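Data block for target-v4.txt (compact mmCIF, C-alpha atoms):
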```
# COMPACT_ATOMS: atom_id res chain seq x y z
CA MET A 14 5.11 0.09 -30.65
CA GLU A 15 3.45 -3.17 -31.70
CA MET A 16 0.07 -1.85 -30.58
CA ILE A 17 0.53 1.32 -32.60
CA ILE A 18 1.50 -0.65 -35.68
CA THR A 19 -1.46 -2.97 -35.24
CA HIS A 20 -3.81 0.01 -35.26
CA LEU A 21 -2.25 1.20 -38.51
CA ILE A 22 -2.72 -2.01 -40.47
CA GLY A 23 -4.29 -1.06 -43.78
CA ASP A 24 -2.99 2.50 -43.69
CA LEU A 25 -0.02 1.99 -45.96
CA ARG A 26 0.95 5.64 -46.12
CA THR A 27 1.33 5.93 -42.35
CA LEU A 28 3.02 2.55 -42.12
CA LYS A 29 5.58 3.66 -44.68
CA ALA A 30 6.27 6.79 -42.64
CA CYS A 31 6.66 4.68 -39.50
CA SER A 32 9.09 2.37 -41.22
CA LEU A 33 11.45 5.31 -41.76
CA THR A 34 11.65 6.14 -38.05
CA CYS A 35 14.39 3.69 -37.08
CA ARG A 36 15.40 0.09 -37.59
CA SER A 37 13.12 -1.35 -34.90
CA TRP A 38 10.11 0.44 -36.37
CA TYR A 39 11.12 -0.76 -39.81
CA ILE A 40 11.27 -4.35 -38.62
CA ALA A 41 7.85 -4.02 -36.98
CA THR A 42 6.17 -2.47 -40.01
CA VAL A 43 7.69 -4.43 -42.86
CA PRO A 44 5.47 -7.54 -42.54
CA HIS A 45 2.39 -5.32 -42.87
CA LEU A 46 3.85 -3.23 -45.67
CA HIS A 47 4.47 -6.28 -47.79
CA TYR A 48 1.48 -8.35 -46.73
CA VAL A 49 -0.30 -7.73 -50.02
CA LEU A 50 1.34 -7.33 -53.39
CA THR A 51 -0.76 -5.50 -55.97
CA LEU A 52 0.03 -5.85 -59.63
CA ARG A 53 -1.78 -3.23 -61.66
CA ASP A 54 -1.81 -1.56 -64.99
CA THR A 55 0.43 1.48 -64.78
CA ARG A 56 2.08 1.53 -68.18
CA PRO A 57 -0.52 0.55 -70.73
CA GLU A 58 1.82 1.04 -73.66
CA LYS A 59 4.37 -1.55 -72.59
CA THR A 60 2.78 -4.87 -71.85
CA LEU A 61 5.92 -6.86 -71.36
CA GLN A 62 7.32 -4.62 -68.63
CA ARG A 63 4.41 -4.93 -66.19
CA LEU A 64 5.93 -7.75 -64.20
CA LYS A 65 9.39 -6.25 -63.89
CA PRO A 66 8.84 -4.89 -60.34
CA LEU A 67 8.67 -8.48 -59.14
CA SER A 68 12.44 -8.73 -59.42
CA LYS A 69 12.83 -5.81 -56.99
CA LEU A 70 10.87 -7.69 -54.37
CA ARG A 71 12.98 -10.79 -54.77
CA SER A 72 16.34 -9.24 -54.05
CA PRO A 73 15.79 -8.36 -50.36
CA GLY A 74 13.87 -11.58 -49.80
CA LEU A 75 10.59 -9.80 -49.23
CA ASN A 76 8.60 -12.23 -51.34
CA THR A 77 8.27 -14.64 -48.42
CA ARG A 78 6.41 -11.94 -46.48
CA VAL A 79 3.73 -11.56 -49.15
CA LYS A 80 0.56 -13.35 -48.01
CA GLY A 81 -1.77 -11.96 -50.63
CA ILE A 82 -1.53 -11.08 -54.30
CA ARG A 83 -4.00 -8.87 -56.11
CA VAL A 84 -3.95 -8.59 -59.88
CA ARG A 85 -5.78 -5.47 -61.02
CA GLU A 86 -6.50 -5.62 -64.69
CA GLY A 87 -8.50 -2.90 -66.33
CA PRO A 88 -11.80 -3.56 -68.10
CA GLY A 89 -10.27 -2.66 -71.47
CA PRO A 90 -9.85 -5.02 -74.41
CA HIS A 91 -6.05 -5.27 -74.13
CA PRO A 92 -5.11 -7.22 -71.02
CA TRP A 93 -1.57 -7.09 -69.69
CA PHE A 94 -1.75 -9.97 -67.23
CA VAL A 95 -1.43 -12.70 -69.82
CA PRO A 96 1.00 -15.59 -70.27
CA GLN A 97 2.91 -13.60 -72.88
CA ALA A 98 3.79 -11.00 -70.25
CA PHE A 99 5.83 -13.55 -68.29
CA SER A 100 9.42 -13.78 -69.41
CA ARG A 101 11.40 -16.69 -68.02
CA SER A 102 12.79 -14.53 -65.19
CA ASP A 103 9.37 -12.94 -64.51
CA LEU A 104 7.87 -16.38 -64.08
CA ARG A 105 10.72 -17.37 -61.78
CA HIS A 106 10.13 -14.28 -59.65
CA PHE A 107 6.36 -14.81 -59.63
CA SER A 108 6.85 -18.43 -58.64
CA ALA A 109 8.98 -17.35 -55.68
CA PHE A 110 5.92 -16.20 -53.74
CA ALA A 111 5.66 -19.32 -51.66
CA ASN A 112 3.42 -18.15 -48.83
CA VAL A 113 0.47 -16.64 -50.66
CA GLN A 114 -2.82 -17.45 -48.95
CA THR A 115 -5.13 -15.01 -50.70
CA LEU A 116 -5.40 -14.31 -54.42
CA VAL A 117 -7.55 -11.56 -55.92
CA LEU A 118 -8.04 -11.37 -59.67
CA GLU A 119 -9.85 -8.43 -61.25
CA PHE A 120 -10.79 -8.38 -64.94
CA VAL A 121 -8.29 -11.13 -65.63
CA HIS A 122 -8.63 -13.01 -68.92
CA LEU A 123 -8.36 -16.39 -67.26
CA TYR A 124 -9.06 -18.29 -70.45
CA ARG A 125 -5.70 -17.16 -71.83
CA PHE A 126 -3.93 -19.21 -69.15
CA ILE A 127 -5.69 -22.42 -70.18
CA PRO A 128 -4.35 -25.10 -70.34
CA ASP A 129 -1.19 -23.91 -68.57
CA VAL A 130 -2.69 -22.57 -65.34
CA GLU A 131 -0.49 -24.92 -63.35
CA ARG A 132 2.62 -23.33 -64.83
CA TYR A 133 1.61 -19.85 -63.72
CA PHE A 134 -0.39 -20.48 -60.55
CA GLY A 135 0.77 -23.94 -59.50
CA HIS A 136 3.07 -22.57 -56.81
CA PHE A 137 -0.02 -21.38 -54.90
CA SER A 138 -1.61 -24.80 -54.99
CA GLN A 139 -0.77 -25.81 -51.41
CA THR A 140 -0.84 -22.44 -49.65
CA LEU A 141 -3.86 -20.68 -51.12
CA ARG A 142 -6.83 -20.55 -48.74
CA SER A 143 -8.95 -17.82 -50.27
CA ILE A 144 -9.63 -16.60 -53.77
CA ALA A 145 -11.65 -13.61 -54.93
CA MET A 146 -12.45 -12.88 -58.54
CA HIS A 147 -14.12 -9.90 -60.12
CA ASP A 148 -15.12 -9.79 -63.79
CA ILE A 149 -13.24 -12.88 -64.84
CA TYR A 150 -13.24 -13.94 -68.49
CA CYS A 151 -13.48 -17.68 -69.02
CA THR A 152 -15.90 -20.54 -69.54
CA PRO A 153 -17.62 -22.34 -66.63
CA ARG A 154 -15.45 -25.43 -67.08
CA GLN A 155 -12.28 -23.34 -67.20
CA LEU A 156 -13.31 -21.70 -63.95
CA SER A 157 -13.82 -24.96 -62.10
CA HIS A 158 -10.62 -26.34 -63.62
CA PHE A 159 -8.71 -23.32 -62.34
CA LEU A 160 -10.20 -23.54 -58.84
CA SER A 161 -9.41 -27.24 -58.59
CA LEU A 162 -5.72 -26.33 -58.74
CA PHE A 163 -5.75 -25.16 -55.12
CA SER A 164 -6.16 -28.20 -52.91
CA ASN A 165 -6.39 -26.26 -49.63
CA LEU A 166 -8.79 -23.63 -50.90
CA ASP A 167 -11.54 -22.86 -48.40
CA ASP A 168 -13.12 -19.55 -49.44
CA ILE A 169 -14.37 -18.43 -52.85
CA LYS A 170 -15.74 -15.01 -53.70
CA ILE A 171 -16.88 -14.28 -57.25
CA GLN A 172 -18.51 -11.13 -58.55
CA TYR A 173 -19.49 -11.09 -62.20
CA VAL A 174 -18.13 -13.51 -64.74
CA SER A 175 -17.99 -13.00 -68.48
CA HIS A 176 -18.35 -16.03 -70.66
CA ARG A 177 -15.68 -16.48 -73.29
CA PRO A 178 -15.91 -19.21 -75.89
CA SER A 179 -13.24 -21.79 -75.44
CA ILE A 180 -10.49 -20.85 -77.87
CA THR A 181 -7.71 -22.74 -76.15
CA ALA A 182 -5.68 -25.61 -77.49
CA ILE A 183 -7.57 -28.04 -75.25
CA PRO A 184 -11.36 -28.27 -75.48
CA ASP A 185 -13.24 -27.73 -72.25
CA THR A 186 -14.35 -31.33 -72.13
CA GLU A 187 -10.74 -32.44 -71.73
CA LEU A 188 -10.00 -30.19 -68.76
CA ILE A 189 -9.50 -32.55 -65.85
CA PRO A 190 -9.64 -31.34 -62.22
CA PHE A 191 -6.24 -31.10 -60.54
CA SER A 192 -7.55 -31.91 -57.09
CA ALA A 193 -10.60 -31.72 -54.85
CA PRO A 194 -10.18 -28.51 -52.85
CA ARG A 195 -11.37 -28.39 -49.24
CA LEU A 196 -14.00 -25.67 -49.82
CA GLN A 197 -15.14 -25.71 -46.20
CA GLY A 198 -15.32 -21.97 -45.58
CA ARG A 199 -17.26 -19.21 -47.28
CA LEU A 200 -18.84 -19.03 -50.70
CA GLU A 201 -19.87 -15.58 -51.87
CA LEU A 202 -21.41 -15.24 -55.30
CA TYR A 203 -22.69 -12.01 -56.83
CA ASP A 204 -24.24 -11.94 -60.29
CA PHE A 205 -23.18 -15.49 -60.96
CA PRO A 206 -25.68 -17.28 -63.19
CA TRP A 207 -23.51 -20.26 -64.17
CA ILE A 208 -25.33 -23.37 -63.09
CA GLY A 209 -22.86 -25.34 -65.20
CA ALA A 210 -19.89 -24.03 -63.23
CA CYS A 211 -21.61 -24.84 -59.95
CA ALA A 212 -22.39 -28.33 -61.17
CA ASP A 213 -18.79 -28.77 -62.28
CA LEU A 214 -17.50 -27.66 -58.90
CA ILE A 215 -19.88 -29.99 -57.12
CA THR A 216 -18.92 -32.90 -59.34
CA SER A 217 -15.18 -32.35 -59.43
CA CYS A 218 -14.48 -30.77 -56.07
CA GLY A 219 -17.41 -31.42 -53.80
CA LEU A 220 -18.66 -28.49 -51.75
CA ARG A 221 -18.72 -28.32 -47.97
CA PHE A 222 -19.21 -24.61 -47.38
CA ARG A 223 -20.38 -23.45 -43.97
CA TYR A 224 -21.37 -19.97 -45.07
CA MET A 225 -23.00 -18.91 -48.32
CA ASP A 226 -23.81 -15.39 -49.49
CA LEU A 227 -25.75 -15.62 -52.74
CA ARG A 228 -26.91 -12.59 -54.73
CA ARG A 229 -28.50 -12.70 -58.14
CA VAL A 230 -27.29 -16.21 -58.77
CA GLY A 231 -30.42 -17.45 -60.50
CA GLY A 232 -30.88 -21.19 -60.59
CA CYS A 233 -27.60 -21.92 -58.82
CA VAL A 234 -29.13 -21.66 -55.36
CA PRO A 235 -30.95 -25.01 -55.19
CA ILE A 236 -27.97 -27.06 -56.28
CA LEU A 237 -25.66 -25.15 -53.95
CA LEU A 238 -28.05 -25.66 -51.04
CA GLU A 239 -28.24 -29.30 -51.89
CA ALA A 240 -24.48 -29.68 -52.21
CA CYS A 241 -23.77 -27.98 -48.88
CA ALA A 242 -26.80 -29.43 -47.13
CA GLU A 243 -24.78 -31.21 -44.46
CA THR A 244 -22.39 -28.38 -43.65
CA LEU A 245 -24.26 -25.10 -44.08
CA GLU A 246 -24.47 -22.90 -41.00
CA THR A 247 -25.40 -19.50 -42.38
CA LEU A 248 -27.24 -18.54 -45.55
CA ARG A 249 -27.26 -14.92 -46.66
CA PHE A 250 -29.18 -13.67 -49.65
CA GLY A 251 -30.40 -10.36 -51.07
CA LEU A 252 -34.06 -9.60 -50.65
CA THR A 253 -34.52 -6.64 -52.92
CA GLU A 254 -31.40 -5.99 -54.97
CA GLY A 255 -32.94 -2.65 -55.87
CA SER A 256 -36.13 -4.26 -57.10
CA GLY A 257 -38.47 -3.67 -54.19
CA GLY A 258 -38.53 -7.31 -53.19
CA LYS A 259 -39.83 -8.85 -56.37
CA TYR A 260 -36.69 -10.90 -56.89
CA PHE A 261 -36.99 -12.66 -53.58
CA TYR A 262 -38.04 -16.03 -54.89
CA ARG A 263 -35.63 -15.98 -57.76
CA SER A 264 -32.79 -15.09 -55.43
CA ILE A 265 -33.46 -17.76 -52.88
CA THR A 266 -34.65 -20.61 -55.02
CA GLY A 267 -33.97 -19.82 -58.62
CA TYR A 268 -37.70 -19.91 -59.18
CA ASP A 269 -38.54 -17.68 -62.09
CA LEU A 270 -41.67 -15.73 -61.22
CA MET A 271 -42.13 -14.47 -64.73
CA SER A 272 -42.18 -17.81 -66.45
CA ASN A 273 -43.36 -19.96 -63.53
CA ARG A 274 -40.52 -22.29 -64.38
CA ILE A 275 -38.38 -24.21 -61.94
CA PRO A 276 -34.91 -24.27 -63.47
CA TYR A 277 -33.43 -27.23 -61.65
CA PRO A 278 -35.06 -30.32 -60.20
CA LEU A 279 -34.41 -30.76 -56.52
CA VAL A 280 -33.95 -34.16 -54.99
CA THR A 281 -35.50 -34.30 -51.57
CA PRO A 282 -33.52 -36.49 -49.18
CA MET B 22 -46.56 -32.21 -39.72
CA TRP B 23 -45.85 -32.22 -43.42
CA ALA B 24 -49.49 -32.76 -44.26
CA THR B 25 -49.79 -28.99 -43.94
CA TYR B 26 -47.79 -28.62 -47.09
CA THR B 27 -49.38 -31.22 -49.28
CA ASN B 28 -51.60 -28.67 -50.95
CA LEU B 29 -48.78 -26.27 -51.64
CA THR B 30 -47.82 -25.90 -55.23
CA GLY B 31 -45.46 -23.82 -57.29
CA ARG B 32 -43.08 -21.45 -55.67
CA HIS B 33 -44.12 -22.08 -52.07
CA ALA B 34 -43.57 -25.80 -52.35
CA PHE B 35 -40.32 -25.15 -54.12
CA VAL B 36 -39.02 -23.03 -51.24
CA ARG B 37 -39.91 -25.81 -48.85
CA GLU B 38 -38.15 -28.34 -51.07
CA ALA B 39 -35.04 -26.17 -51.23
CA PHE B 40 -34.81 -25.93 -47.46
CA LEU B 41 -35.67 -29.55 -46.94
CA SER B 42 -32.40 -30.34 -48.62
CA ILE B 43 -30.49 -28.68 -45.77
CA THR B 44 -29.73 -31.40 -43.26
CA SER B 45 -26.87 -29.70 -41.47
CA PRO B 46 -27.41 -29.70 -37.71
CA ALA B 47 -25.32 -26.54 -37.57
CA PHE B 48 -27.61 -24.50 -39.82
CA SER B 49 -28.79 -21.70 -37.59
CA GLU B 50 -28.90 -18.36 -39.34
CA LEU B 51 -30.72 -16.84 -42.28
CA VAL B 52 -29.57 -13.35 -43.20
CA ILE B 53 -31.76 -11.24 -45.46
CA VAL B 54 -29.85 -8.40 -47.03
CA ILE B 55 -31.68 -5.25 -48.10
CA ASP B 56 -30.30 -2.31 -50.03
CA ASP B 57 -30.76 0.84 -47.96
CA GLU B 58 -32.31 2.61 -50.95
CA ASP B 59 -35.08 0.02 -51.03
CA ILE B 60 -36.09 0.43 -47.40
CA PRO B 61 -38.47 3.43 -47.88
CA HIS B 62 -40.53 1.48 -50.40
CA LEU B 63 -39.90 -1.97 -49.04
CA ASN B 64 -42.62 -4.40 -49.96
CA LEU B 65 -42.64 -6.68 -46.94
CA ASP B 66 -45.82 -8.48 -47.81
CA PHE B 67 -47.42 -11.46 -46.15
CA THR B 68 -46.21 -13.82 -48.86
CA LEU B 69 -42.61 -13.26 -47.82
CA PHE B 70 -43.24 -14.04 -44.17
CA ARG B 71 -45.44 -17.00 -44.98
CA THR B 72 -42.50 -18.37 -46.92
CA LEU B 73 -40.10 -17.64 -44.08
CA SER B 74 -42.50 -19.32 -41.69
CA THR B 75 -42.50 -22.36 -43.96
CA MET B 76 -38.72 -22.32 -44.02
CA ASN B 77 -38.56 -22.05 -40.24
CA LYS B 78 -40.80 -25.06 -39.81
CA VAL B 79 -38.57 -27.06 -42.12
CA LYS B 80 -35.36 -25.91 -40.44
CA SER B 81 -35.36 -23.62 -37.43
CA PHE B 82 -33.10 -20.61 -37.78
CA LYS B 83 -32.29 -17.20 -36.40
CA LEU B 84 -33.55 -14.46 -38.71
CA VAL B 85 -31.35 -11.43 -39.36
CA PHE B 86 -32.18 -8.40 -41.45
CA LEU B 87 -29.07 -6.66 -42.72
CA ALA B 88 -29.20 -3.27 -44.41
CA GLU B 89 -26.34 -2.59 -46.80
CA VAL B 90 -25.69 1.13 -46.80
CA MET B 91 -24.15 2.70 -49.87
CA ASP B 92 -23.37 6.08 -48.33
CA PRO B 93 -23.21 6.09 -44.52
CA HIS B 94 -22.85 9.89 -44.46
CA ARG B 95 -26.12 10.53 -46.27
CA ASP B 96 -29.25 11.64 -44.40
CA GLY B 97 -29.40 9.95 -41.02
CA GLY B 98 -26.43 7.71 -41.76
CA MET B 99 -26.30 4.17 -40.44
CA GLU B 100 -28.55 5.06 -37.50
CA GLY B 101 -31.17 6.47 -39.84
CA VAL B 102 -31.13 3.33 -41.96
CA LEU B 103 -31.45 1.15 -38.88
CA GLN B 104 -34.40 3.19 -37.66
CA SER B 105 -36.12 2.99 -41.04
CA LEU B 106 -35.66 -0.76 -41.19
CA ALA B 107 -36.80 -1.19 -37.61
CA GLY B 108 -39.88 0.87 -38.45
CA ALA B 109 -40.71 -1.31 -41.44
CA LEU B 110 -40.27 -4.48 -39.40
CA GLY B 111 -42.22 -2.99 -36.51
CA SER B 112 -45.36 -2.81 -38.59
CA VAL B 113 -44.74 -6.37 -39.74
CA ALA B 114 -44.42 -7.54 -36.16
CA ALA B 115 -47.57 -5.64 -35.21
CA ALA B 116 -49.42 -7.56 -37.90
CA GLY B 117 -48.26 -10.79 -36.28
CA TRP B 118 -46.28 -11.96 -39.28
CA LEU B 119 -43.20 -12.65 -37.17
CA ASN B 120 -44.96 -14.78 -34.61
CA PHE B 121 -43.41 -17.92 -36.03
CA LEU B 122 -39.99 -16.88 -34.70
CA ASP B 123 -38.73 -17.95 -31.29
CA SER B 124 -37.03 -14.58 -30.86
CA PRO B 125 -37.38 -11.24 -32.64
CA PRO B 126 -35.25 -10.85 -35.75
CA ALA B 127 -31.92 -9.10 -35.37
CA ILE B 128 -31.40 -5.88 -37.33
CA HIS B 129 -27.98 -4.75 -38.46
CA ALA B 130 -26.53 -2.29 -40.93
CA THR B 131 -23.25 -2.46 -42.75
CA ARG B 132 -21.50 -0.31 -45.27
CA LEU B 133 -21.54 -1.63 -48.81
CA PRO B 134 -18.01 -1.59 -50.20
CA GLU B 135 -17.56 0.16 -53.52
CA LEU B 136 -16.63 -3.15 -55.00
CA ARG B 137 -17.47 -6.10 -52.82
CA LEU B 138 -14.26 -7.84 -53.67
CA ARG B 139 -12.13 -4.88 -52.69
CA SER B 140 -13.04 -5.63 -49.09
CA THR B 141 -10.87 -8.72 -49.31
CA PHE B 142 -7.82 -6.60 -48.60
CA ASP B 143 -9.06 -3.08 -47.84
```
Could I get this structure in the form of structure tokens?
Amino acid sequence: MEMIITHLIGDLRTLKACSLTCRSWYIATVPHLHYVLTLRDTRPEKTLQRLKPLSKLRSPGLNTRVKGIRVREGPGPHPWFVPQAFSRSDLRHFSAFANVQTLVLEFVHLYRFIPDVERYFGHFSQTLRSIAMHDIYCTPRQLSHFLSLFSNLDDIKIQYVSHRPSITAIPDTELIPFSAPRLQGRLELYDFPWIGACADLITSCGLRFRYMDLRRVGGCVPILLEACAETLETLRFGLTEGSGGKYFYRSITGYDLMSNRIPYPLVTP
Amino acid sequence: MWATYTNLTGRHAFVREAFLSITSPAFSELVIVIDDEDIPHLNLDFTLFRTLSTMNKVKSFKLVFLAEVMDPHRDGGMEGVLQSLAGALGSVAAAGWLNFLDSPPAIHATRLPELRLRSTFD
């Protein structure tokens, strides 16, 4: 039975059917069924009810089985995953996920959680190992401030970021890192041109990645190579990115072929 | 050894400088990712391999070419993409541009997820 279940990991529909077979099958499938919790926009007209399903998970004690949380915002202008959506009980339920190791945020307006990120995400600070973000809205400093919250974070994956002017109560310059995360695993950046954010991460957290996958990251590459110089094992980069190879030098070094300009001075050891 | 590079300027010297910064004894693999749609008109010119040769002299590594396939069911599928890439690299090898490597480059193909981040859980 365990072998069958193992083969079905990822196929939620079949796993749900298996869980209805009998109690032993239910017990075998339930860890996989609740491994990832996805919060997504299903009722766009009622912002404050989005987090209500969290209370259903709490009652049977299933929240301890959740190892990953994915927040799926839409690309629209009216986000639902915002601090205002958390009532006191919603926040209590959300904070009950004590074993989350992976967090995925899609289209989340991160800047709205500044400066209270610790209030909403602080319970992940010790357990989180991996974070993936797609189309996040924030400033470079807010991003590094947020990432510094997770002291055991090893892997970071970011695809697209949208700069938002700092409109929070605390100016960016006053955002102090919470900790220096481990950052010893994988760094994957796609369309990430923020040299400032990389510099912030290097300064506040230190980087010790062993694996880097860098695509269309502009001038970030040299400083990332330099920061991970002693730990890097594998470097992966895009040769063509649909451009027939002409972006090679920009991709690998940040060297701008068009302007013949080197964007960041390298210090040779 | 480095006297070879003293006359290098601009981008070539910059590539060397970037790789000189890597001091990790564990650094061993350089993976070049190519979109499968670019393979038919791939511009694998000598400049690229001269740069890779420079990199390899600075820090020896295993070279891997990885094709990211958008639609594995199209045309020849993954096998077709692999054959196309192998063909493109075959002509490069015939020209002697890969002679700087200790072993031939590895060639792999992988499916490009619809959204790269979705692969975190899917």
Open item on the list: So, with all atoms listed in the file as the atoms that count, which of A:Phe110, A:Phe120, A:Tyr150, A:Trp38 lies closest to chain B?
Closed with: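 Closest to chain B of all the choices is A:Phe120.
With all atoms listed in the file as the atoms that count, the minimum distance from Arg142 (chain A) to the choices A:Leu166, A:Leu123, A:Leu52, A:Ile17 is reached by A:Leu166.
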Open item on the list: Can you measure CA of Thr77 (chain A) to CA of Ser138 (chain A) for me? One decimal in Å is fine.
Closed with: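 Calculated distance between CA of Thr77 (chain A) and CA of Ser138 (chain A) is 15.6 Å.
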Open item on the list: I want to know what sits within 8 Å of Leu133 (chain B), based on all atoms listed in the file, with residues of the same chain fewer than 3 positions away left out; could you give that as a VMD selection string?
Closed with: chain B and resid 89 to 92 137
- [ ] Find the residues in chain B near chain A: any atom within 6 Å counts, using all atoms listed in the file. Write them as a list in words.
- [x] Ala39, Ser42, Ile43, Thr44, Ser45, Ala47, Phe48, Ser49, Glu50, Leu51, Val52, Ile53, Val54, Ile55, Asp59, Leu63 and Asn64 of chain B
What box, with edges along x, y and z, holds each listed atom of region 183-197 of chain A when 6 Å is added on every side, and can you state its centre and edge lengths in Å to one decimal, as AutoDock Vina command-line options?
```
--center_x -10.7 --center_y -29.1 --center_z -60.8 --size_x 20.9 --size_y 18.9 --size_z 41.3
```
Task: Selection: 12 Å around Phe159 (chain A), only C-alpha atoms, excl. self and same-chain fewer than 4 positions, as number ranges by chain - done: A: 123-135, 137-138, 144, 146, 149, 151-155, 163-164, 166, 185, 188-194, 210, 213-214, 217-218
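For the set A:Leu162, A:Val121, A:Ala41, A:Ala212, the residue with the smallest atom-to-atom gap to His91 (chain A) is A:Val121, counting only C-alpha atoms.
Residue nearest Glu15 (chain A) within the list A:Leu160, A:Cys35, A:Leu220, A:Ile40: A:Ile40 [criterion: smallest interatomic distance, all atoms listed in the file].
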Task: Interatomic distance (Å, one decimal) between CA of Tyr173 (chain A) and CA of Met76 (chain B) - done: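 Value for the CA of Tyr173 (chain A)-CA of Met76 (chain B) distance: 28.7 Å.
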Near Ile60 (chain B), within 8 Å and counting only C-alpha atoms, which residues show up once chain neighbours fewer than 2 positions away are dropped, as a compact mmCIF listing (two decimals) with C-alpha atoms, keeping the file's coordinate frame?
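Printed below is part-v4.txt as written:
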```
# COMPACT_ATOMS: atom_id res chain seq x y z
CA ILE B 55 -31.68 -5.25 -48.10
CA ASP B 56 -30.30 -2.31 -50.03
CA ASP B 57 -30.76 0.84 -47.96
CA GLU B 58 -32.31 2.61 -50.95
CA HIS B 62 -40.53 1.48 -50.40
CA LEU B 63 -39.90 -1.97 -49.04
CA VAL B 102 -31.13 3.33 -41.96
CA SER B 105 -36.12 2.99 -41.04
CA LEU B 106 -35.66 -0.76 -41.19
CA ALA B 109 -40.71 -1.31 -41.44
```
